[in-house]
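To start, the structure under review is shown below, and the notes come after it.
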Amino acid sequence: MTWTFTHDLAAFRAAAGPAVAAEPVSNTTLLTVLDALERRGRDAYGSAEPFFGWWTGADGGVAGALLCTPPHPLLIGALPERAVRDLATALATEPLLAGVGALNARRRDAGALAAAWGRPSEVTVESRLYRLAGLRAPDPAPPGRARTATEADLPLLLDWTGAFKRETGQPGGPSEAALRDRLSYGGALLWEHGGRPVAMAGFFRVIGPACRVGPVYTPPGLRGRGYAAGVTHAVSGAAYAAGASEVLLFTDLANATSNGVYRRLGYAPVEDRVEVAAR
C-alpha cells in the first residue's frame, strides 16, 4: 500500500483516471481541474508545475488520488481510511509535498492530515458540497430573465469573476482563457433586469454523469433581490440540458444566505470539505 507522486499528467491519468472517475460526485473538483489541464495546458492555473499523486491498495488497485496546481491548495479526492493514514506519513517525507502551504480535503480526512503535517495550521474555508435532488423554481420569482452570455459579455465576466475571487479569497485573477472556454459551450449565464445584467452563474463541462455549477455572483449593490436564485435556477436547468444527471455545487458554510437559497432550489447536502493552511 503506497502513494506514488509525479509531475507526469499522462501517467497520472493512466494510473488513477478510472478511480477518480468512479466517484464523480466527491471527486468533482479533481475531475474539472484535470479537464482544464488537458484542454488548456499545464499552465491553466499558473506558471508553477502541477503535480499528482495516487494511492495503491493491498490488492494492487488504485483507490484514491490528489493533485496540486500551485499556488492553489493540495486538492485531495475521496480516499479510503488507510490512504489517509499513508498520506499523513507522506506529508512529512515526500519532497514534492514539502512546499505545500494549504490542503483541501473532506472534513473527515482533514483533521488527521493537518495533525500529521507537523506545522501550525488553521482552517481557513469550510465548504459544503450539494447535489440537486429535484429542481424547484424560486418563490417568489425574481424580476428579469436569464440569457446565455456571449463573447460581447467577456469584459463583464472578467470583472465579475475577479470580484468573486477576491471576495472568496481565491488566489490569482480571472482567466480569460477559462472564460472563453466556458463561452464556447454555453457555460455562462447572465440574469438581466431592466435591460442590464444584474447577476451571473456558470457551469463546468459535463464529465461523466456530473456537472458542477459555479461561480454564482451578484454585485454587492444588487443583492437581496432574488437575482442569485433566478440565475442559479436557470444555470441548473442548463446543466441538465447539457447532459448532466448529477448537478452539483459548493457553498461557503459561512454564507447562510446562499446555503438557504440553494436548499430552497432543491439542492441537498452531500459532504463538507475544509481548507487548512499553514500559519
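Letters A, B, ... mark the chains of the C-alpha cells in the order given; residue numbers begin at 1 per chain; ligand numbers begin at 1, in order shown.
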Find the residues near stretch 244-257 of chain A: any atom within 9 Å, counting only C-alpha atoms, skip ones fewer than 3 places away on the same chain, and give them as number ranges by chain.
A: 24-25, 28, 125-133, 168, 206-215, 236, 239-241, 260-262, 267, 272
Deliver the residues from the most recent selection as a file, using N, CA, C and O atoms, as a compact mmCIF listing (two decimals), in the first residue's frame.
# COMPACT_ATOMS: atom_id res chain seq x y z
N PRO A 24 -17.63 10.39 -9.20
CA PRO A 24 -17.71 11.70 -9.84
C PRO A 24 -18.29 12.80 -8.96
O PRO A 24 -18.06 13.98 -9.24
N VAL A 25 -19.01 12.45 -7.92
CA VAL A 25 -19.57 13.48 -7.04
C VAL A 25 -18.50 13.98 -6.08
O VAL A 25 -18.16 15.17 -6.08
N THR A 28 -15.57 15.76 -7.87
CA THR A 28 -15.96 16.71 -8.92
C THR A 28 -14.89 17.76 -9.21
O THR A 28 -14.61 18.05 -10.38
N VAL A 125 -11.26 27.86 5.25
CA VAL A 125 -12.51 27.81 4.49
C VAL A 125 -13.23 26.52 4.85
O VAL A 125 -12.61 25.46 4.91
N GLU A 126 -14.53 26.62 5.09
CA GLU A 126 -15.38 25.45 5.27
C GLU A 126 -16.46 25.49 4.20
O GLU A 126 -17.21 26.47 4.11
N SER A 127 -16.54 24.47 3.39
CA SER A 127 -17.50 24.45 2.29
C SER A 127 -18.34 23.19 2.34
O SER A 127 -17.95 22.18 2.95
N ARG A 128 -19.48 23.26 1.70
CA ARG A 128 -20.39 22.11 1.64
C ARG A 128 -20.71 21.79 0.19
O ARG A 128 -21.04 22.69 -0.59
N LEU A 129 -20.59 20.52 -0.16
CA LEU A 129 -20.95 20.05 -1.49
C LEU A 129 -22.43 19.67 -1.48
O LEU A 129 -22.88 18.92 -0.62
N TYR A 130 -23.17 20.21 -2.45
CA TYR A 130 -24.58 19.90 -2.62
C TYR A 130 -24.80 19.21 -3.96
O TYR A 130 -24.07 19.47 -4.92
N ARG A 131 -25.81 18.36 -4.02
CA ARG A 131 -26.27 17.81 -5.30
C ARG A 131 -27.75 18.14 -5.45
O ARG A 131 -28.49 18.23 -4.47
N LEU A 132 -28.15 18.35 -6.69
CA LEU A 132 -29.53 18.72 -6.98
C LEU A 132 -30.42 17.49 -6.91
O LEU A 132 -30.28 16.56 -7.71
N ALA A 133 -31.34 17.49 -5.94
CA ALA A 133 -32.23 16.35 -5.75
C ALA A 133 -33.51 16.50 -6.56
O ALA A 133 -34.18 15.51 -6.84
N THR A 168 -13.98 35.78 -2.18
CA THR A 168 -13.87 34.43 -1.61
C THR A 168 -12.43 34.05 -1.27
O THR A 168 -12.18 32.94 -0.82
N VAL A 206 -19.67 19.07 -18.55
CA VAL A 206 -20.18 17.79 -18.04
C VAL A 206 -19.09 16.74 -18.20
O VAL A 206 -18.53 16.57 -19.29
N ILE A 207 -18.77 16.06 -17.09
CA ILE A 207 -17.75 15.00 -17.11
C ILE A 207 -18.41 13.75 -16.55
O ILE A 207 -18.82 13.72 -15.38
N GLY A 208 -18.52 12.71 -17.36
CA GLY A 208 -19.28 11.54 -16.96
C GLY A 208 -20.73 11.94 -16.73
O GLY A 208 -21.32 12.63 -17.56
N PRO A 209 -21.29 11.61 -15.57
CA PRO A 209 -22.67 11.98 -15.32
C PRO A 209 -22.82 13.35 -14.67
O PRO A 209 -23.95 13.84 -14.52
N ALA A 210 -21.71 13.97 -14.27
CA ALA A 210 -21.79 15.11 -13.34
C ALA A 210 -21.37 16.43 -13.96
O ALA A 210 -20.54 16.49 -14.87
N CYS A 211 -21.93 17.48 -13.42
CA CYS A 211 -21.61 18.85 -13.81
C CYS A 211 -21.71 19.71 -12.56
O CYS A 211 -22.64 19.57 -11.77
N ARG A 212 -20.76 20.61 -12.38
CA ARG A 212 -20.76 21.47 -11.20
C ARG A 212 -21.06 22.91 -11.57
O ARG A 212 -20.47 23.47 -12.50
N VAL A 213 -21.99 23.51 -10.84
CA VAL A 213 -22.35 24.91 -11.02
C VAL A 213 -21.35 25.79 -10.26
O VAL A 213 -20.89 25.44 -9.18
N GLY A 214 -21.00 26.92 -10.83
CA GLY A 214 -20.15 27.89 -10.15
C GLY A 214 -19.31 28.67 -11.16
O GLY A 214 -19.01 28.16 -12.24
N PRO A 215 -18.96 29.91 -10.85
CA PRO A 215 -19.41 30.62 -9.66
C PRO A 215 -20.80 31.23 -9.86
O PRO A 215 -21.28 31.33 -10.98
N SER A 236 -28.82 25.76 -13.39
CA SER A 236 -29.01 24.36 -13.03
C SER A 236 -29.77 23.63 -14.13
O SER A 236 -29.43 22.50 -14.50
N ALA A 239 -27.45 23.02 -17.00
CA ALA A 239 -26.54 21.89 -16.77
C ALA A 239 -27.23 20.57 -17.10
O ALA A 239 -26.64 19.68 -17.72
N TYR A 240 -28.49 20.44 -16.70
CA TYR A 240 -29.25 19.25 -17.09
C TYR A 240 -29.35 19.15 -18.61
O TYR A 240 -29.17 18.08 -19.20
N ALA A 241 -29.67 20.28 -19.25
CA ALA A 241 -29.83 20.28 -20.70
C ALA A 241 -28.54 19.92 -21.41
O ALA A 241 -28.57 19.37 -22.53
N GLY A 260 -29.13 28.77 2.21
CA GLY A 260 -30.59 28.74 2.23
C GLY A 260 -31.19 28.79 0.84
O GLY A 260 -32.16 28.08 0.54
N VAL A 261 -30.63 29.63 -0.02
CA VAL A 261 -31.12 29.74 -1.39
C VAL A 261 -31.02 28.41 -2.11
O VAL A 261 -31.98 27.94 -2.75
N TYR A 262 -29.87 27.75 -2.01
CA TYR A 262 -29.67 26.52 -2.76
C TYR A 262 -30.58 25.39 -2.23
O TYR A 262 -31.09 24.59 -3.02
N TYR A 267 -31.39 21.73 -3.78
CA TYR A 267 -30.08 21.13 -3.54
C TYR A 267 -30.02 20.50 -2.15
O TYR A 267 -30.53 21.07 -1.18
N ASP A 272 -18.99 17.76 3.58
CA ASP A 272 -18.28 19.00 3.84
C ASP A 272 -16.80 18.84 3.53
O ASP A 272 -16.22 17.76 3.71
Spatial neighbours of A:Trp54, 6 Å, only C-alpha atoms, chain gap at least 2 places, as a list of chain:residue names
A:Trp3, A:Thr4, A:Gly64, A:Ala65
Go ahead and save the residues from that selection, with N, CA, C and O atoms, as a short mmCIF file (atom, residue, chain, number, x, y, z; two decimals), in the first residue's frame.
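Output below, filename selection.cif:
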data_model
loop_
_atom_site.label_atom_id
_atom_site.label_comp_id
_atom_site.auth_asym_id
_atom_site.auth_seq_id
_atom_site.Cartn_x
_atom_site.Cartn_y
_atom_site.Cartn_z
N TRP A 3 1.67 5.53 -1.74
CA TRP A 3 1.40 6.69 -2.57
C TRP A 3 2.51 6.81 -3.61
O TRP A 3 3.68 6.61 -3.31
N THR A 4 2.12 7.19 -4.82
CA THR A 4 3.05 7.50 -5.90
C THR A 4 2.83 8.94 -6.32
O THR A 4 1.68 9.36 -6.50
N GLY A 64 -7.49 6.06 -4.69
CA GLY A 64 -7.52 7.43 -4.22
C GLY A 64 -6.50 8.26 -4.96
O GLY A 64 -5.52 7.74 -5.51
N ALA A 65 -6.73 9.59 -5.00
CA ALA A 65 -5.85 10.46 -5.78
C ALA A 65 -5.86 11.87 -5.23
O ALA A 65 -6.76 12.27 -4.47
#
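Proximity of A:Gly61, A:Gly202, A:Gly243, A:Gly169 to A:Arg147, computed with only C-alpha atoms, is greatest for A:Gly202.
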Just checking: using only C-alpha atoms, which residue out of A:Tyr185, A:Ser26, A:Gly46, A:Leu66 ends up closest to A:Phe12?
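That would be A:Leu66, the residue with the smallest distance to A:Phe12.
Taking atom CA of A:Asp181 as the reference point, atom CA of A:Glu49 is found at 21.6 Å.
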Name the residues in contact with stretch 149-153 of chain A at a cut-off of 10 Å, using only C-alpha atoms, excluding same-chain residues fewer than 4 positions from it; report them as a list in words.
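Returned residues: Leu157, Leu158, Leu179, Arg180, Arg182, Leu183, Ser184, Gly186, Gly187, Ala188, Leu189, Leu190, Trp191, Pro197, Met200, Ala201 and Gly202 of chain A.
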Calculate how many Å separate atom CA of A:Asp43 from atom CA of A:Leu30, rounding to one decimal.
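So the answer is 15.9 Å.
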Restricting the calculation to only C-alpha atoms, which member of A:Arg42, A:His193, A:Arg264, A:Lys165 is positioned closest to A:Val216?
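Checking each of A:Arg42, A:His193, A:Arg264, A:Lys165 against A:Val216, counting only C-alpha atoms, the winner is A:Lys165.
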Mind giving me the straight-line distance from atom CA of A:Ala115 to atom CA of A:Gln170 in Å, one decimal?
24.0 Å
Residue neighbourhood A:Thr161, 9 Å, only C-alpha atoms, exclusion window fewer than 6 positions, as a list in words:
Gly173, Pro174, Ser175, Pro215 and Tyr217 of chain A
Can you work out which one of A:Val274, A:Ala110, A:Ala238, A:Val62 has the shortest atom-to-atom distance to A:Ala15, counting only C-alpha atoms?
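Ranked by minimum distance to A:Ala15, first place goes to A:Val62.
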Can you pull out every residue within 8 Å of A:Pro50, counting only C-alpha atoms, but drop anything in the same chain fewer than 5 positions away, and send it as a count of residues only?
6
Once DSSP has gone over the backbone, tell me which residues of stretch 34-276 of chain A are in strand (DSSP E or B), as a ChimeraX atom specification.
/A:51-56,62-68,74-76,102-106,121-132,145-148,188-193,196-203,207,210-217,246-252,267-276
If you keep C-alpha atoms, can you produce a file of those selected residues as a PDB file, in the first residue's frame?
ATOM      1  CA  PHE A  51       1.953  17.541  -9.605  1.00  0.00           C
ATOM      2  CA  PHE A  52      -0.180  14.492  -8.973  1.00  0.00           C
ATOM      3  CA  GLY A  53      -0.449  11.511  -6.660  1.00  0.00           C
ATOM      4  CA  TRP A  54      -2.340   8.241  -6.348  1.00  0.00           C
ATOM      5  CA  TRP A  55      -2.706   5.568  -3.685  1.00  0.00           C
ATOM      6  CA  THR A  56      -2.437   1.864  -4.478  1.00  0.00           C
ATOM      7  CA  VAL A  62      -5.710   2.460  -7.251  1.00  0.00           C
ATOM      8  CA  ALA A  63      -8.285   3.744  -4.778  1.00  0.00           C
ATOM      9  CA  GLY A  64      -7.516   7.433  -4.218  1.00  0.00           C
ATOM     10  CA  ALA A  65      -5.851  10.458  -5.779  1.00  0.00           C
ATOM     11  CA  LEU A  66      -4.760  14.050  -5.310  1.00  0.00           C
ATOM     12  CA  LEU A  67      -3.267  16.876  -7.327  1.00  0.00           C
ATOM     13  CA  CYS A  68      -1.807  20.325  -6.798  1.00  0.00           C
ATOM     14  CA  LEU A  74      -3.272  20.472  -2.388  1.00  0.00           C
ATOM     15  CA  LEU A  75      -6.575  19.043  -3.659  1.00  0.00           C
ATOM     16  CA  ILE A  76      -7.300  15.662  -2.090  1.00  0.00           C
ATOM     17  CA  ALA A 102      -2.559  24.516   2.235  1.00  0.00           C
ATOM     18  CA  LEU A 103      -4.742  21.405   1.954  1.00  0.00           C
ATOM     19  CA  ASN A 104      -8.271  20.974   0.597  1.00  0.00           C
ATOM     20  CA  ALA A 105      -9.833  17.721   1.838  1.00  0.00           C
ATOM     21  CA  ARG A 106     -13.036  16.176   3.092  1.00  0.00           C
ATOM     22  CA  SER A 121      -2.199  25.359  10.848  1.00  0.00           C
ATOM     23  CA  GLU A 122      -5.746  26.676  10.821  1.00  0.00           C
ATOM     24  CA  VAL A 123      -8.986  26.045   8.953  1.00  0.00           C
ATOM     25  CA  THR A 124      -9.477  28.934   6.528  1.00  0.00           C
ATOM     26  CA  VAL A 125     -12.512  27.814   4.494  1.00  0.00           C
ATOM     27  CA  GLU A 126     -15.377  25.447   5.275  1.00  0.00           C
ATOM     28  CA  SER A 127     -17.498  24.450   2.291  1.00  0.00           C
ATOM     29  CA  ARG A 128     -20.389  22.112   1.639  1.00  0.00           C
ATOM     30  CA  LEU A 129     -20.952  20.051  -1.485  1.00  0.00           C
ATOM     31  CA  TYR A 130     -24.582  19.905  -2.620  1.00  0.00           C
ATOM     32  CA  ARG A 131     -26.266  17.805  -5.296  1.00  0.00           C
ATOM     33  CA  LEU A 132     -29.530  18.721  -6.978  1.00  0.00           C
ATOM     34  CA  ARG A 145     -34.803  36.671 -17.121  1.00  0.00           C
ATOM     35  CA  ALA A 146     -31.731  34.587 -17.855  1.00  0.00           C
ATOM     36  CA  ARG A 147     -29.760  34.557 -21.080  1.00  0.00           C
ATOM     37  CA  THR A 148     -26.634  32.771 -22.233  1.00  0.00           C
ATOM     38  CA  ALA A 188     -22.052  31.136 -18.582  1.00  0.00           C
ATOM     39  CA  LEU A 189     -25.459  32.717 -17.917  1.00  0.00           C
ATOM     40  CA  LEU A 190     -26.468  36.248 -17.010  1.00  0.00           C
ATOM     41  CA  TRP A 191     -29.616  37.365 -15.246  1.00  0.00           C
ATOM     42  CA  GLU A 192     -30.955  40.593 -16.743  1.00  0.00           C
ATOM     43  CA  HIS A 193     -33.423  43.058 -15.290  1.00  0.00           C
ATOM     44  CA  ARG A 196     -28.891  45.180 -17.910  1.00  0.00           C
ATOM     45  CA  PRO A 197     -27.063  42.222 -16.334  1.00  0.00           C
ATOM     46  CA  VAL A 198     -27.531  42.016 -12.571  1.00  0.00           C
ATOM     47  CA  ALA A 199     -26.092  38.565 -11.719  1.00  0.00           C
ATOM     48  CA  MET A 200     -24.130  35.726 -13.285  1.00  0.00           C
ATOM     49  CA  ALA A 201     -23.702  31.982 -12.882  1.00  0.00           C
ATOM     50  CA  GLY A 202     -21.709  29.369 -14.731  1.00  0.00           C
ATOM     51  CA  PHE A 203     -21.305  25.631 -15.023  1.00  0.00           C
ATOM     52  CA  ILE A 207     -17.753  14.999 -17.108  1.00  0.00           C
ATOM     53  CA  ALA A 210     -21.791  15.109 -13.341  1.00  0.00           C
ATOM     54  CA  CYS A 211     -21.609  18.845 -13.813  1.00  0.00           C
ATOM     55  CA  ARG A 212     -20.760  21.469 -11.195  1.00  0.00           C
ATOM     56  CA  VAL A 213     -22.351  24.913 -11.015  1.00  0.00           C
ATOM     57  CA  GLY A 214     -20.150  27.886 -10.154  1.00  0.00           C
ATOM     58  CA  PRO A 215     -19.408  30.623  -9.660  1.00  0.00           C
ATOM     59  CA  VAL A 216     -22.639  32.415  -8.757  1.00  0.00           C
ATOM     60  CA  TYR A 217     -22.166  36.158  -8.287  1.00  0.00           C
ATOM     61  CA  GLU A 246     -25.835  14.882 -11.353  1.00  0.00           C
ATOM     62  CA  VAL A 247     -25.771  18.663 -10.871  1.00  0.00           C
ATOM     63  CA  LEU A 248     -23.507  19.808  -8.046  1.00  0.00           C
ATOM     64  CA  LEU A 249     -22.318  22.980  -6.376  1.00  0.00           C
ATOM     65  CA  PHE A 250     -20.193  24.115  -3.438  1.00  0.00           C
ATOM     66  CA  THR A 251     -21.141  26.771  -0.914  1.00  0.00           C
ATOM     67  CA  ASP A 252     -19.194  28.553   1.776  1.00  0.00           C
ATOM     68  CA  TYR A 267     -30.079  21.126  -3.542  1.00  0.00           C
ATOM     69  CA  ALA A 268     -29.296  18.593  -0.791  1.00  0.00           C
ATOM     70  CA  PRO A 269     -26.044  18.312   1.225  1.00  0.00           C
ATOM     71  CA  VAL A 270     -23.549  15.589   0.298  1.00  0.00           C
ATOM     72  CA  GLU A 271     -20.390  16.239   2.351  1.00  0.00           C
ATOM     73  CA  ASP A 272     -18.277  19.002   3.838  1.00  0.00           C
ATOM     74  CA  ARG A 273     -14.764  19.981   2.823  1.00  0.00           C
ATOM     75  CA  VAL A 274     -12.277  22.271   4.530  1.00  0.00           C
ATOM     76  CA  GLU A 275      -9.163  24.139   3.549  1.00  0.00           C
ATOM     77  CA  VAL A 276      -6.356  24.026   6.097  1.00  0.00           C
TER      78      VAL A 276
END
